[in-house]
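Down below is the structure, laid out as structure tokens.
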Amino acid sequence: MKLTYSAIYLPVILLLIIPLVLSLFLNNIPNDFQPSLTTTQHIYHGMDITQEFVSEDNNLVGIGMSIKNPYYRNRKDLIFSLFSAGKQELRRVVLNGKTIKDGEFVEIIFEPIKDAKNKDFIFKMSAPNVASQESLEVFLTNNSPSWSKNFFVKSDIQDTDVSFVTLHGFNNRFALYFEIIKGWIGRFFADTIFFAFYWISVLILMIYLVVKSFFR
Amino acid sequence: MFHILKEPFYINLLLLAILFRLLVMPFYFHPDIKTFNFQSHFLKSGVINIYTYLSDNKEKLPLKEDFAYFPLTYFFLGFYQIIASPILGSEFQTWLTDASVSSVERIGVFRYLFILKLPYLILDLLIAFLLAGLFKDAQTRKKVFTFWLFNPFSFVTVYLFSNVDIFPVFLIVLSLYLASKKRIFLSAIALGLGAGFKAFPLLLAPFLYLEAKTKKQKIFTILGSAVLFALIIGPFITSSSFRQSTLTSGLTTRIISYGVDIGFGELLLPSVVLLSLLFLWRMLNVNIELWKNYLISFLLVLTLIHFHIHWLLWVIPFMAILYAVGNKNDQILVLSFLILSFAIPLLYSDKFMSVGLISVIDPLYASLPTPASAVSRIYKPEVLQSVLHSIIVALGIILSWRSLTKKI
């Protein structure tokens, strides 16, 4: 019978505690879903890539993208540089394939840029000491979102874009949790008929069980 | 079977179990439920051979996976969608065909998950009654009923991972119930129908065959299980897409894919050796109750392969029986086995084994690292998996032995 009591907490754990605990592990918020992946672009000596984009929010703390690195073949540095629209280097991060699994979604994190909303940025990735056979590859997309602008390989403009998201920091973890819950309830409530049916069923059951146990 | 509902204990427990399930059903999502429901929605357009259809139209379909289940799964889910379409609403099909990751944010996703899981709820509750129906002793009956309805393991498998295993598992428990009432032919039909959803209930057919007493009963057992299964798959067997997607995939090949190499391409297959041993031993010893054969067969198969989390559901009804008839030590062993078995898939590097499951609450959760990637910062998660798997093999052996000492 002990199982019955512990099971009372199961919905509480599944619906409140797990979302709360997991939200404690959130370090940043992506601006959008990552666009679907198509082909890849190698980055090695003489083969640099440049991607222009608009930051949709303030507090820009990173860029997330999927990287191909079969059998951890890359062991040499790849340089990620973030520039302002005026080509001034703002941030620089060095990546190394030693820690990048093949196909992994990699978060390239840098010091926050507070006032980033609606501003144009450019990121450039280069690997001056890497040969073609040991290169990292970034995944590209054909479904470019509106905030992703031109994409260049060396200096040639491409039809595709890097499949990436911008990452943004937040100030208050609990405010984020309540935002999540608010968004969840909002989307649930948007399906009004189902929302009403669902809660009526649940409440009838709850009331019945409470009344039963009260008059037992 | 339902006469137990005359007692308020069972009604209250049942309603509480329904309440818990209703609370969770709409809010957990595994992509499999969308994939096989997408595939099954073609029944509405008159597609009968889904295997060939998917293979012929792969290029233009948004979801490109094969239909990995047997025909009854397709027909059942497709038919259910037809019946439920007025409540699923007009946007349901758009959601099914939306292969983008943002589909979890669509308005209506909670309604879809709730309605698609309703048949699971019904079968899940029926299993509780079937298990209770196996016992005459009132206390043990209450124990098994409570364990089934309130154990977190079947709850998580059915409502969080939401694969189709609940259909064959229900039919296996029904088969056990019917066999306990000496309805061997109907019991065999239940197994045959179960195999029509997923093939694994066929593993149990030889034990049911041994349960049959007369020659006539034995023939009917074969007719009810193997022949019924052959009739279900018969119309599709000439389709190479069907054979590739079902007969030569998943568990079928997993059981026979590893073993002791004896040279010239031959392997000694541990699962097959042990299942044969169990069968032969049962043949020589008529006193082994059927549920024990079912339990040990599944323990043998599951503990010796790399399993999917939803496969654990196969064994839980029999664990519930062992939990109910066992003493404190048996109960601890059952819970240890289930806890460790559920911990292994958590270490697979698949977001939808953990953090991705609540992406319908907010897609942000899917961006979190998996437990596997957290463990990998310290050491290889495969090593931890291997240790856990080795322990569950030991637990499986002990549980098999303990089950042999128990009686319903």
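Here's how to read the names in the structure tokens: chain A, B, ... by the order shown, residue numbers from 1 in each chain, ligand numbers from 1 in the order shown.
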Using only C-alpha atoms, which residues of chain A come within 8 Å of chain B, and what is the closest atom pair for each, with the distance in Å to one decimal? Give it as CSV, sorted by chain and residue number.
```
residue,atom,partner,partner_atom,distance
A:Met1,CA,B:Thr146,CA,7.0
A:Leu3,CA,B:Phe150,CA,6.2
A:Thr4,CA,B:Phe150,CA,5.6
A:Ala7,CA,B:Phe150,CA,5.6
A:Ile8,CA,B:Phe20,CA,7.6
A:Leu10,CA,B:Pro152,CA,7.3
A:Pro11,CA,B:Phe20,CA,6.1
A:Leu14,CA,B:Val24,CA,7.4
A:Leu15,CA,B:Val24,CA,7.1
A:Pro19,CA,B:Ile358,CA,7.6
A:Leu22,CA,B:Tyr365,CA,7.2
A:Ser23,CA,B:Tyr365,CA,7.4
A:Phe25,CA,B:Leu368,CA,7.2
A:Leu26,CA,B:Leu368,CA,6.6
A:Ile29,CA,B:Leu364,CA,7.0
A:Pro30,CA,B:Leu364,CA,7.7
A:Phe33,CA,B:Ser102,CA,6.6
A:Ser36,CA,B:Ser100,CA,7.6
A:Ile180,CA,B:Asp362,CA,6.3
A:Ile181,CA,B:Ile361,CA,7.7
A:Gly183,CA,B:Asp362,CA,7.6
A:Trp184,CA,B:Ile361,CA,5.3
A:Arg187,CA,B:Ile107,CA,6.0
A:Phe188,CA,B:Phe110,CA,6.8
A:Ala190,CA,B:Ile107,CA,6.5
A:Asp191,CA,B:Gly108,CA,5.8
A:Phe194,CA,B:Arg111,CA,6.2
A:Val202,CA,B:Leu19,CA,6.4
A:Leu205,CA,B:Leu19,CA,6.5
A:Met206,CA,B:Leu19,CA,7.4
A:Leu209,CA,B:Asn12,CA,7.0
```
Preceding selection exported with C-alpha atoms as a PDB file, in the first residue's frame:
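Saved the output as part.pdb:
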```
ATOM      1  CA  MET A   1       0.000   0.000   0.000  1.00  0.00           C
ATOM      2  CA  LEU A   3       3.247   2.462  -3.279  1.00  0.00           C
ATOM      3  CA  THR A   4      -0.169   4.141  -3.444  1.00  0.00           C
ATOM      4  CA  ALA A   7       2.317   7.446  -6.335  1.00  0.00           C
ATOM      5  CA  ILE A   8       0.244  10.405  -5.140  1.00  0.00           C
ATOM      6  CA  LEU A  10       3.987  11.061  -9.116  1.00  0.00           C
ATOM      7  CA  PRO A  11       1.893  13.672 -10.962  1.00  0.00           C
ATOM      8  CA  LEU A  14       6.201  14.839 -13.186  1.00  0.00           C
ATOM      9  CA  LEU A  15       4.315  18.085 -13.684  1.00  0.00           C
ATOM     10  CA  PRO A  19      10.100  21.135 -14.864  1.00  0.00           C
ATOM     11  CA  LEU A  22      15.308  21.073 -14.982  1.00  0.00           C
ATOM     12  CA  SER A  23      14.794  24.819 -15.356  1.00  0.00           C
ATOM     13  CA  PHE A  25      19.961  23.777 -15.394  1.00  0.00           C
ATOM     14  CA  LEU A  26      18.988  26.218 -18.128  1.00  0.00           C
ATOM     15  CA  ILE A  29      17.646  30.714 -24.037  1.00  0.00           C
ATOM     16  CA  PRO A  30      17.861  30.139 -27.787  1.00  0.00           C
ATOM     17  CA  PHE A  33      14.303  26.559 -33.055  1.00  0.00           C
ATOM     18  CA  SER A  36      16.614  22.036 -40.269  1.00  0.00           C
ATOM     19  CA  ILE A 180       7.697  28.655 -18.774  1.00  0.00           C
ATOM     20  CA  ILE A 181       4.635  27.781 -16.680  1.00  0.00           C
ATOM     21  CA  GLY A 183       3.570  29.867 -21.605  1.00  0.00           C
ATOM     22  CA  TRP A 184       2.499  26.282 -20.927  1.00  0.00           C
ATOM     23  CA  ARG A 187      -0.951  27.302 -24.867  1.00  0.00           C
ATOM     24  CA  PHE A 188      -3.151  24.871 -22.982  1.00  0.00           C
ATOM     25  CA  ALA A 190      -5.678  28.469 -26.186  1.00  0.00           C
ATOM     26  CA  ASP A 191      -7.413  25.153 -26.938  1.00  0.00           C
ATOM     27  CA  PHE A 194     -10.274  20.844 -24.544  1.00  0.00           C
ATOM     28  CA  VAL A 202     -10.224  16.262 -13.442  1.00  0.00           C
ATOM     29  CA  LEU A 205     -12.805  13.164 -10.080  1.00  0.00           C
ATOM     30  CA  MET A 206     -10.940  15.170  -7.449  1.00  0.00           C
ATOM     31  CA  LEU A 209     -12.388  11.392  -4.176  1.00  0.00           C
TER      32      LEU A 209
END
```
*asked:* Set the distance at 9 Å and use only C-alpha atoms: which residues neighbour B:Trp291 once local chain neighbours fewer than 5 positions away are removed? I'd like the list as a PyMOL selection string.
replied: chain B and resi 176+296+318+321
Those same residues - N, CA and C atoms - I'd like them written as a compact mmCIF listing (two decimals), in the first residue's frame.
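Final file, part.txt:
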```txt
# COMPACT_ATOMS: atom_id res chain seq x y z
N LEU B 176 -2.93 -14.93 -20.30
CA LEU B 176 -2.64 -15.58 -19.02
C LEU B 176 -3.93 -15.78 -18.21
N ILE B 296 9.99 -15.55 -16.86
CA ILE B 296 11.39 -15.95 -17.08
C ILE B 296 11.78 -15.75 -18.55
N PHE B 318 4.22 -9.34 -14.85
CA PHE B 318 4.66 -10.55 -14.14
C PHE B 318 5.46 -10.19 -12.89
N ILE B 321 2.92 -9.64 -10.32
CA ILE B 321 2.48 -10.89 -9.69
C ILE B 321 3.49 -11.33 -8.63
```
Would you mind listing what lies within 10 Å of A:Asn142 as a short mmCIF file (atom, residue, chain, number, x, y, z; two decimals) with C-alpha atoms, in the first residue's frame, with only C-alpha atoms counted and same-chain residues fewer than 4 positions away left out?
```cif
data_model
loop_
_atom_site.label_atom_id
_atom_site.label_comp_id
_atom_site.auth_asym_id
_atom_site.auth_seq_id
_atom_site.Cartn_x
_atom_site.Cartn_y
_atom_site.Cartn_z
CA PRO A 35 16.69 25.46 -38.62
CA SER A 36 16.61 22.04 -40.27
CA LEU A 37 19.99 20.61 -41.24
CA THR A 38 21.03 19.87 -44.81
CA THR A 39 24.64 19.66 -45.99
CA ASP A 159 22.31 30.32 -51.17
CA THR A 160 22.32 28.49 -47.86
CA ASP A 161 23.01 29.64 -44.27
CA VAL A 162 24.67 28.13 -41.24
CA SER A 163 22.01 26.29 -39.21
#
```
*May I ask for the distance between atom CA of B:Ile82 and atom CA of B:Thr157, given in Å to one decimal place?*
25.3 Å
*Counting only C-alpha atoms, the residue of A:Asn69, A:Ser201, A:Thr166, A:Ser148 that sits nearest A:Glu52*: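 Comparing A:Asn69, A:Ser201, A:Thr166, A:Ser148 against A:Glu52, the winner is A:Ser148.
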*Neighbour list for stretch 384-387 of chain B as a ChimeraX atom specification, cut-off 10 Å, only C-alpha atoms, skip fewer than 6 positions in-chain*: /B:306,340-341,343-348,372,375-376
*Looking only at strand (DSSP E) from DSSP on the backbone, list the matching residues of stretch 7-202 of chain A as a ChimeraX atom specification.*
/A:29-30,40-43,49-54,60-68,77-84,89-96,104-113,120-126,136-141,148-153,156-157,161-162,164-168
*For stretch 201-211 of chain B, please output as a VMD selection string all residues within 6 Å (counting only C-alpha atoms; exclusion window: fewer than 2 positions along the same chain).*
chain B and resid 191 194 to 195 199 218 221
